[in-house]
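Shown below: work_35.tsv, with TSV, C-alpha atoms.
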chain	number	residue	atom	x	y	z
M	1104	MET	CA	157.33	102.92	14.00
M	1105	ILE	CA	153.55	102.93	13.55
M	1106	LYS	CA	151.93	106.36	13.50
M	1107	VAL	CA	148.47	106.71	15.02
M	1108	GLY	CA	146.33	109.80	14.46
M	1109	PHE	CA	145.09	111.75	17.46
M	1110	PHE	CA	141.42	110.96	16.77
M	1111	THR	CA	142.13	107.23	16.38
M	1112	LEU	CA	144.18	107.20	19.58
M	1113	PHE	CA	141.38	109.02	21.43
M	1114	ILE	CA	138.83	106.44	20.29
M	1115	LEU	CA	141.08	103.54	21.33
M	1116	LEU	CA	141.78	105.00	24.76
M	1117	THR	CA	138.12	105.81	25.30
M	1118	ALA	CA	137.05	102.30	24.36
M	1119	ALA	CA	139.66	100.78	26.65
M	1120	ASN	CA	138.48	102.83	29.61
M	1121	THR	CA	134.75	102.46	29.02
M	1122	LYS	CA	132.88	100.08	31.34
M	1123	ALA	CA	129.40	98.78	30.81
M	1124	ASN	CA	126.65	100.79	32.49
M	1125	TYR	CA	124.80	98.24	34.61
M	1126	ILE	CA	122.00	100.62	35.53
M	1127	LYS	CA	120.95	100.28	31.88
M	1128	TYR	CA	121.42	96.51	32.18
M	1129	HIS	CA	119.06	96.27	35.16
M	1130	ARG	CA	116.41	98.36	33.43
M	1131	GLN	CA	116.53	95.98	30.48
M	1132	ILE	CA	116.25	93.00	32.84
M	1133	THR	CA	113.10	94.51	34.37
M	1134	PHE	CA	111.70	94.98	30.86
M	1135	ALA	CA	112.44	91.32	30.01
M	1136	GLU	CA	110.65	90.23	33.18
M	1137	SER	CA	107.65	92.43	32.42
M	1138	LEU	CA	107.33	90.83	28.98
M	1139	PHE	CA	107.16	87.39	30.55
M	1140	PHE	CA	104.62	88.48	33.16
M	1141	ALA	CA	102.50	89.90	30.32
M	1142	GLY	CA	102.41	86.51	28.59
M	1143	LYS	CA	104.99	87.40	25.93
M	1144	SER	CA	107.35	84.55	26.76
M	1145	LYS	CA	109.04	84.31	23.35
M	1146	GLU	CA	109.82	88.03	23.28
M	1147	SER	CA	111.01	87.88	26.89
M	1148	LEU	CA	113.44	85.01	26.38
M	1149	THR	CA	114.75	86.65	23.20
M	1150	LYS	CA	115.38	89.83	25.19
M	1151	TYR	CA	117.19	87.87	27.90
M	1152	ARG	CA	119.45	86.28	25.29
M	1153	GLU	CA	120.21	89.72	23.87
M	1154	ILE	CA	121.06	91.15	27.30
M	1155	PHE	CA	123.22	88.19	28.33
M	1156	SER	CA	125.11	88.38	25.03
M	1157	THR	CA	125.82	92.09	25.56
M	1158	TYR	CA	126.63	92.14	29.29
M	1159	LYS	CA	128.22	89.77	31.76
M	1160	PRO	CA	125.01	88.82	33.59
M	1161	PHE	CA	124.28	88.37	37.28
M	1162	ALA	CA	123.71	84.80	38.47
M	1163	LYS	CA	120.30	85.81	39.82
M	1164	ASP	CA	119.06	86.96	36.42
M	1165	CYS	CA	120.30	83.76	34.77
M	1166	PHE	CA	118.48	81.73	37.44
M	1167	ILE	CA	115.23	83.59	36.78
M	1168	ALA	CA	115.56	83.25	32.99
M	1169	LEU	CA	116.34	79.56	33.45
M	1170	GLN	CA	113.09	79.05	35.34
M	1171	PHE	CA	111.11	81.04	32.78
M	1172	SER	CA	112.44	78.86	29.95
M	1173	ALA	CA	111.56	75.71	31.93
M	1174	MET	CA	108.06	77.05	32.47
M	1175	VAL	CA	107.43	77.31	28.72
M	1176	HIS	CA	109.47	74.17	27.87
M	1177	ASP	CA	112.05	76.02	25.78
M	1178	THR	CA	115.01	73.60	25.88
M	1179	SER	CA	117.31	75.72	23.72
M	1180	SER	CA	116.90	78.77	25.96
M	1181	PHE	CA	117.22	76.60	29.08
M	1182	LYS	CA	120.63	75.35	27.92
M	1183	PHE	CA	121.75	78.87	27.03
M	1184	PHE	CA	120.74	80.35	30.40
M	1185	PHE	CA	122.19	77.37	32.25
M	1186	ALA	CA	125.62	77.88	30.67
M	1187	LYS	CA	125.52	81.64	31.25
M	1188	GLY	CA	124.43	81.13	34.83
M	1189	ILE	CA	127.11	78.61	35.78
M	1190	GLU	CA	129.94	80.73	34.43
M	1191	ASN	CA	128.63	83.62	36.55
M	1192	GLY	CA	128.15	81.88	39.90
M	1193	LEU	CA	125.00	79.79	39.64
M	1194	ASN	CA	125.44	76.24	40.95
M	1195	TRP	CA	123.61	72.92	41.20
M	1196	ILE	CA	122.71	73.55	44.84
M	1197	THR	CA	120.70	76.62	43.86
M	1198	ILE	CA	119.21	75.12	40.70
M	1199	LYS	CA	117.93	72.07	42.60
M	1200	LYS	CA	115.99	74.35	44.94
M	1201	SER	CA	113.79	75.26	41.99
M	1202	GLU	CA	111.18	72.51	41.55
M	1203	ARG	CA	110.25	74.00	38.18
M	1204	ALA	CA	113.83	73.70	36.84
M	1205	THR	CA	114.40	70.27	38.42
M	1206	ARG	CA	111.23	68.81	36.92
M	1207	PHE	CA	112.15	70.14	33.49
M	1208	ILE	CA	115.64	68.58	33.64
M	1209	ASN	CA	114.30	65.21	34.76
M	1210	GLU	CA	111.58	65.15	32.09
M	1211	LYS	CA	113.98	65.68	29.19
M	1212	LYS	CA	115.84	62.52	28.26
M	1213	GLY	CA	119.60	62.99	28.29
M	1214	LEU	CA	119.40	66.65	29.34
M	1215	LYS	CA	120.87	66.16	32.80
M	1216	GLN	CA	123.93	64.35	31.42
M	1217	GLU	CA	124.43	67.09	28.83
M	1218	LEU	CA	124.15	69.80	31.47
M	1219	GLU	CA	126.62	67.98	33.73
M	1220	ARG	CA	129.26	68.19	31.00
M	1221	VAL	CA	128.54	71.89	30.49
M	1222	TYR	CA	128.60	72.44	34.25
M	1223	GLN	CA	132.14	71.17	34.72
M	1224	ASN	CA	133.55	73.43	32.04
M	1225	LYS	CA	131.61	76.56	32.98
M	1226	ARG	CA	132.12	76.03	36.71
M	1227	THR	CA	135.89	75.96	36.21
M	1228	LYS	CA	135.65	79.16	34.16
M	1229	TYR	CA	133.69	80.87	36.96
M	1230	ILE	CA	136.10	79.83	39.72
M	1231	GLN	CA	139.05	81.06	37.66
M	1232	SER	CA	137.31	84.41	37.07
M	1233	ILE	CA	136.93	85.40	40.73
M	1234	ASN	CA	139.66	86.68	43.02
M	1235	ARG	CA	140.04	83.88	45.56
M	1236	SER	CA	142.52	85.71	47.81
M	1237	ILE	CA	140.17	88.68	48.26
M	1238	ARG	CA	137.23	86.30	48.68
M	1239	ASP	CA	139.10	84.45	51.45
M	1240	SER	CA	139.92	87.77	53.13
M	1241	ILE	CA	136.25	88.80	53.14
M	1242	PHE	CA	135.21	85.44	54.58
M	1243	LEU	CA	137.76	85.92	57.36
M	1244	LEU	CA	136.06	89.22	58.21
M	1245	ARG	CA	132.64	87.54	58.13
M	1246	ARG	CA	133.79	84.83	60.52
M	1247	ARG	CA	135.20	87.43	62.90
M	1248	ASP	CA	131.84	89.17	62.67
M	1249	ASP	CA	129.90	85.96	63.38
M	1250	THR	CA	132.10	85.01	66.33
M	1251	SER	CA	131.94	88.44	67.94
M	1252	ARG	CA	128.16	88.60	67.60
M	1253	TRP	CA	127.81	85.10	69.05
M	1254	LEU	CA	129.92	86.10	72.06
M	1255	SER	CA	127.82	89.23	72.53
M	1256	LYS	CA	124.53	87.33	72.44
M	1257	LYS	CA	125.90	84.73	74.85
M	1258	ASN	CA	126.41	87.50	77.38
M	1259	ALA	CA	122.99	88.36	78.78
M	1260	VAL	CA	124.10	91.88	79.78
M	1261	ARG	CA	124.29	94.02	76.62
M	1262	SER	CA	126.64	96.60	78.04
M	1263	GLY	CA	129.53	94.49	79.27
M	1264	TYR	CA	133.02	93.62	78.09
M	1265	LEU	CA	131.92	91.14	75.42
M	1266	TYR	CA	129.56	93.70	73.89
M	1267	TYR	CA	132.46	96.11	73.64
M	1268	ILE	CA	134.59	93.42	71.98
M	1269	LYS	CA	131.85	92.85	69.41
M	1270	ASP	CA	131.70	96.50	68.43
M	1271	THR	CA	135.50	96.77	68.40
M	1272	ILE	CA	135.72	93.89	65.95
M	1273	LEU	CA	132.98	95.38	63.77
M	1274	ASP	CA	134.98	98.63	63.75
M	1275	GLU	CA	138.13	96.77	62.70
M	1276	ASN	CA	136.26	94.80	60.04
M	1277	LEU	CA	134.82	97.97	58.55
M	1278	HIS	CA	138.21	99.66	58.32
M	1279	MET	CA	139.79	96.61	56.70
M	1280	LEU	CA	136.97	96.41	54.15
M	1281	THR	CA	137.16	100.17	53.52
M	1282	SER	CA	140.91	100.04	52.96
M	1283	MET	CA	140.52	97.14	50.54
M	1284	THR	CA	137.67	98.86	48.69
M	1285	LYS	CA	139.55	102.16	48.33
M	1286	ARG	CA	142.43	100.30	46.69
M	1287	LEU	CA	140.64	97.72	44.57
M	1288	GLY	CA	137.00	98.77	44.27
M	1289	TYR	CA	134.07	97.23	46.11
M	1290	PRO	CA	134.47	93.42	46.27
M	1291	GLY	CA	131.11	92.47	44.84
M	1292	GLN	CA	129.74	89.68	42.68
M	1293	ARG	CA	132.08	90.26	39.73
M	1294	MET	CA	135.24	90.41	41.81
M	1295	ILE	CA	134.68	87.64	44.36
M	1296	GLY	CA	131.45	85.90	43.32
M	1297	VAL	CA	128.49	84.85	45.43
M	1298	ARG	CA	128.32	82.75	48.56
M	1299	ASP	CA	128.91	79.10	47.64
M	1300	PRO	CA	129.22	76.21	50.15
M	1301	GLU	CA	131.19	74.08	47.67
M	1302	ILE	CA	133.90	76.69	47.18
M	1303	ASP	CA	134.05	77.93	50.75
M	1304	ASN	CA	133.61	74.60	52.56
M	1305	GLU	CA	130.80	75.91	54.74
M	1306	PRO	CA	127.21	74.89	55.56
M	1307	GLU	CA	124.56	75.54	52.95
M	1308	SER	CA	122.95	78.97	53.36
M	1309	PRO	CA	119.19	79.57	53.15
M	1310	ASN	CA	119.97	82.82	51.32
M	1311	LEU	CA	120.15	82.09	47.59
M	1312	LEU	CA	123.05	83.68	45.67
M	1313	GLU	CA	123.99	85.91	48.60
M	1314	SER	CA	126.62	88.61	48.18
M	1315	ILE	CA	129.56	88.12	50.52
M	1316	ALA	CA	130.87	91.48	51.73
M	1317	SER	CA	127.51	93.18	52.33
M	1318	VAL	CA	126.98	91.71	55.79
M	1319	ILE	CA	129.88	93.80	57.11
M	1320	LEU	CA	128.05	96.93	55.97
M	1321	TYR	CA	124.75	95.78	57.48
M	1322	HIS	CA	126.41	95.56	60.88
M	1323	HIS	CA	128.16	98.95	60.87
M	1324	TYR	CA	126.18	101.99	59.80
M	1325	CYS	CA	129.28	104.02	58.86
M	1326	GLY	CA	130.08	101.68	55.95
M	1327	TYR	CA	127.91	103.52	53.45
M	1328	SER	CA	129.39	106.85	54.55
M	1329	LEU	CA	132.99	105.68	54.17
M	1330	MET	CA	132.46	103.91	50.85
M	1331	GLU	CA	129.66	105.90	49.24
M	1332	LYS	CA	131.53	106.56	45.98
M	1333	GLU	CA	132.90	103.03	45.71
M	1334	LEU	CA	129.49	101.50	46.37
M	1335	TYR	CA	127.91	103.58	43.63
M	1336	ASP	CA	130.76	102.69	41.27
M	1337	GLY	CA	130.11	99.04	42.15
M	1338	LEU	CA	126.45	99.51	41.28
M	1339	LEU	CA	127.32	101.22	38.00
M	1340	HIS	CA	129.87	98.64	36.90
M	1341	GLY	CA	128.12	95.41	37.84
M	1342	GLU	CA	129.41	94.48	41.30
M	1343	ILE	CA	126.18	95.18	43.21
M	1344	LEU	CA	122.53	94.52	42.41
M	1345	PRO	CA	120.37	97.66	42.77
M	1346	SER	CA	118.23	96.11	45.52
M	1347	ASN	CA	121.41	95.12	47.39
M	1348	TYR	CA	122.68	98.70	47.10
M	1349	ALA	CA	119.31	99.97	48.35
M	1350	LEU	CA	119.42	97.59	51.32
M	1351	ILE	CA	122.90	98.80	52.30
M	1352	TYR	CA	121.73	102.43	52.12
M	1353	GLU	CA	118.54	101.92	54.12
M	1354	TRP	CA	120.21	99.71	56.70
M	1355	ALA	CA	122.86	102.40	57.25
M	1356	TYR	CA	120.22	105.08	57.84
M	1357	ASP	CA	118.10	102.86	60.05
M	1358	SER	CA	121.04	102.00	62.32
M	1359	TYR	CA	122.26	105.60	62.27
M	1360	TYR	CA	118.90	106.86	63.54
M	1361	GLU	CA	118.88	104.11	66.16
M	1362	SER	CA	122.32	105.23	67.33
M	1363	LYS	CA	120.78	108.66	67.91
M	1364	GLY	CA	118.07	107.13	70.10
M	1365	ALA	CA	115.28	106.86	67.55
M	1366	MET	CA	113.02	103.84	67.98
M	1367	ARG	CA	113.14	102.41	64.47
M	1368	GLY	CA	113.98	98.72	64.82
M	1369	GLY	CA	115.54	97.50	68.01
M	1370	ASN	CA	116.92	100.78	69.37
M	1371	ASN	CA	120.33	99.13	69.56
M	1372	ARG	CA	123.20	100.48	71.57
M	1373	TYR	CA	126.49	101.08	69.81
M	1374	ILE	CA	129.97	101.47	71.23
M	1375	PHE	CA	131.67	102.05	67.89
M	1376	LYS	CA	134.86	104.06	67.95
M	1377	THR	CA	134.23	104.93	64.32
M	1378	LYS	CA	131.76	107.80	64.12
M	1379	CYS	CA	129.93	109.25	61.15
M	1380	GLU	CA	127.16	111.74	60.50
M	1381	TYR	CA	124.50	111.55	57.83
M	1382	PRO	CA	122.37	114.33	56.38
M	1383	PRO	CA	118.59	113.84	56.67
M	1384	GLN	CA	117.48	110.86	54.61
M	1385	GLU	CA	116.25	111.98	51.20
M	1386	LYS	CA	116.29	108.69	49.25
M	1387	PHE	CA	113.84	105.91	49.94
M	1388	TYR	CA	113.75	102.50	48.29
M	1389	ASN	CA	111.33	100.68	50.64
M	1390	ASN	CA	113.64	97.69	50.75
M	1391	PHE	CA	114.42	96.87	54.36
M	1392	LEU	CA	113.56	94.54	57.24
M	1393	ASN	CA	111.12	96.92	58.89
M	1394	PRO	CA	108.25	97.86	56.53
M	1395	TRP	CA	106.85	100.31	59.08
M	1396	ASN	CA	109.72	102.65	58.18
M	1397	TYR	CA	108.82	102.69	54.48
M	1398	CYS	CA	108.12	105.96	52.75
M	1399	LYS	CA	104.46	106.41	51.79
M	1400	ASP	CA	105.32	108.62	48.83
M	1401	THR	CA	105.42	105.90	46.17
M	1402	ILE	CA	106.28	108.37	43.40
M	1403	LEU	CA	109.41	109.40	45.32
M	1404	VAL	CA	110.28	105.76	46.05
M	1405	ASN	CA	109.91	104.74	42.41
M	1406	ASN	CA	112.00	107.69	41.26
M	1407	CYS	CA	114.74	106.71	43.70
M	1408	ARG	CA	114.53	103.12	42.51
M	1409	ARG	CA	114.66	104.04	38.85
M	1410	ALA	CA	117.77	106.17	39.40
M	1411	ILE	CA	119.72	103.05	40.49
M	1412	GLY	CA	118.12	100.64	38.01
M	1413	MET	CA	115.84	99.01	40.58
M	1414	GLU	CA	112.38	97.70	39.69
M	1415	SER	CA	109.32	99.76	40.64
M	1416	ILE	CA	107.12	98.92	43.63
M	1417	GLN	CA	104.39	97.82	41.24
M	1418	HIS	CA	106.71	95.54	39.27
M	1419	GLN	CA	108.01	94.02	42.50
M	1420	TRP	CA	104.45	93.22	43.64
M	1421	VAL	CA	103.57	91.62	40.30
M	1422	LYS	CA	106.79	89.61	40.48
M	1423	LYS	CA	105.99	88.24	43.94
M	1424	GLN	CA	102.46	87.27	42.94
M	1425	PHE	CA	103.66	85.64	39.72
M	1426	ALA	CA	106.26	83.63	41.66
M	1427	LYS	CA	103.63	82.34	44.10
M	1428	ARG	CA	101.19	81.34	41.38
M	1429	ASN	CA	103.77	79.56	39.24
M	1430	ASP	CA	106.06	77.89	41.78
M	1431	LEU	CA	109.10	80.02	40.92
M	1432	LEU	CA	112.04	81.36	42.95
M	1433	LEU	CA	112.42	84.96	41.80
M	1434	SER	CA	113.88	86.58	44.96
M	1435	THR	CA	117.38	85.97	46.28
M	1436	GLY	CA	119.89	87.34	48.80
M	1437	ILE	CA	119.60	87.86	52.53
M	1438	PHE	CA	115.93	87.79	53.61
M	1439	ASN	CA	115.07	87.54	49.87
M	1440	LEU	CA	115.62	91.30	49.56
M	1441	TYR	CA	117.75	91.21	46.42

Can you turn what I pasted into structure tokens?
Amino acid sequence: MIKVGFFTLFILLTAANTKANYIKYHRQITFAESLFFAGKSKESLTKYREIFSTYKPFAKDCFIALQFSAMVHDTSSFKFFFAKGIENGLNWITIKKSERATRFINEKKGLKQELERVYQNKRTKYIQSINRSIRDSIFLLRRRDDTSRWLSKKNAVRSGYLYYIKDTILDENLHMLTSMTKRLGYPGQRMIGVRDPEIDNEPESPNLLESIASVILYHHYCGYSLMEKELYDGLLHGEILPSNYALIYEWAYDSYYESKGAMRGGNNRYIFKTKCEYPPQEKFYNNFLNPWNYCKDTILVNNCRRAIGMESIQHQWVKKQFAKRNDLLLSTGIFNLY
């Protein structure tokens, strides 16, 4: 029988239960981006390699690093980021949307064939890493959501039977997602991957690298209330991008205030059986569909953003301008909000 000292056992147990802190990861990603925007491309790509070797990266960050390496014609980094990206959800459909990346691949003799071989291996690794049964369950909820909303819009009167059916289905969807999340954790990009027409046999989406379960939370404002802890845990442990988390939070508050009669977006009517109450909104990320609801206190907004690992307002503006000037795709997700 092997004897293990108490201190050694404590260290082993602690290491086994420790998960990477992705808020720190996202702050490092922002730093790597800022280096590139400042013209320090070599330092930036080196930082990206360091981050991706330490953490399991998000597909979005690999896609951005891939484009940066193409921009400065760094073939070695391009291959590295390509491999990391594919094994974390990036696919050819998304890569081909980047003219910068496509041009680089076509200009380098033999590169496309080499990447194709890497793609097959890494793609298989990615598909094996995600939970397909949970993914299929979430897509079933999404299709119920889409069908119910289509039926509601088809009915010109927004207070009739079909409208009630829509809200009843959204209630049911939320409770099924909540139950799943309480048992297994939030089904984010690590657990079930990103939206992918090849895997899911569905039409190509205009939303690049979209998270799958979030739409259910966008359509029912009680989702954040019911899953607040699990959503934060998902943010902390790499299931949710900070800007995606911020969008869920602000969408919940916007719809909640609308349900109380406040004219914020569309002043929608709700017939949800599920009810929830929120305290006055204290956090602001300025990441929503309606900019007129943004908080004007930029210091507060940036503090809220930093707390979840999200880029500052100033960094976000620089990023958008840099993308426009250099023909890059640096924003992803629904409405390019994460």

Pick from M:Lys1376, M:Arg1286, M:Lys1423, M:Lys1163, whichever lies nearest to Tyr1441 (chain M) using all atoms listed in the file:
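Among M:Lys1376, M:Arg1286, M:Lys1423, M:Lys1163, it is M:Lys1163 that comes nearest to Tyr1441 (chain M).
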
By how many Å are CA of Tyr1125 (chain M) and CA of Thr1401 (chain M) apart?
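Calculated distance between CA of Tyr1125 (chain M) and CA of Thr1401 (chain M) is 23.8 Å.
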
Adding 4 Å on each side of the box along x, y and z that holds all listed atoms of region 1159-1171 of chain M, could you give its centre and edge lengths in Å to one decimal, as JSON?
{"center_x": 119.7, "center_y": 84.4, "center_z": 35.8, "size_x": 25.1, "size_y": 18.7, "size_z": 16.1}

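Closest approach to Thr1435 (chain M) from the set M:Phe1140, M:Phe1166, M:Tyr1327, M:Tyr1356 is made by M:Phe1166, with distances taken over all atoms listed in the file.
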
Have a look at M:Leu1193, M:Ile1126, M:Val1175, M:Ala1410 and name the one nearest to Ser1147 (chain M); count only C-alpha atoms.
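That would be M:Val1175, the residue with the smallest distance to Ser1147 (chain M).
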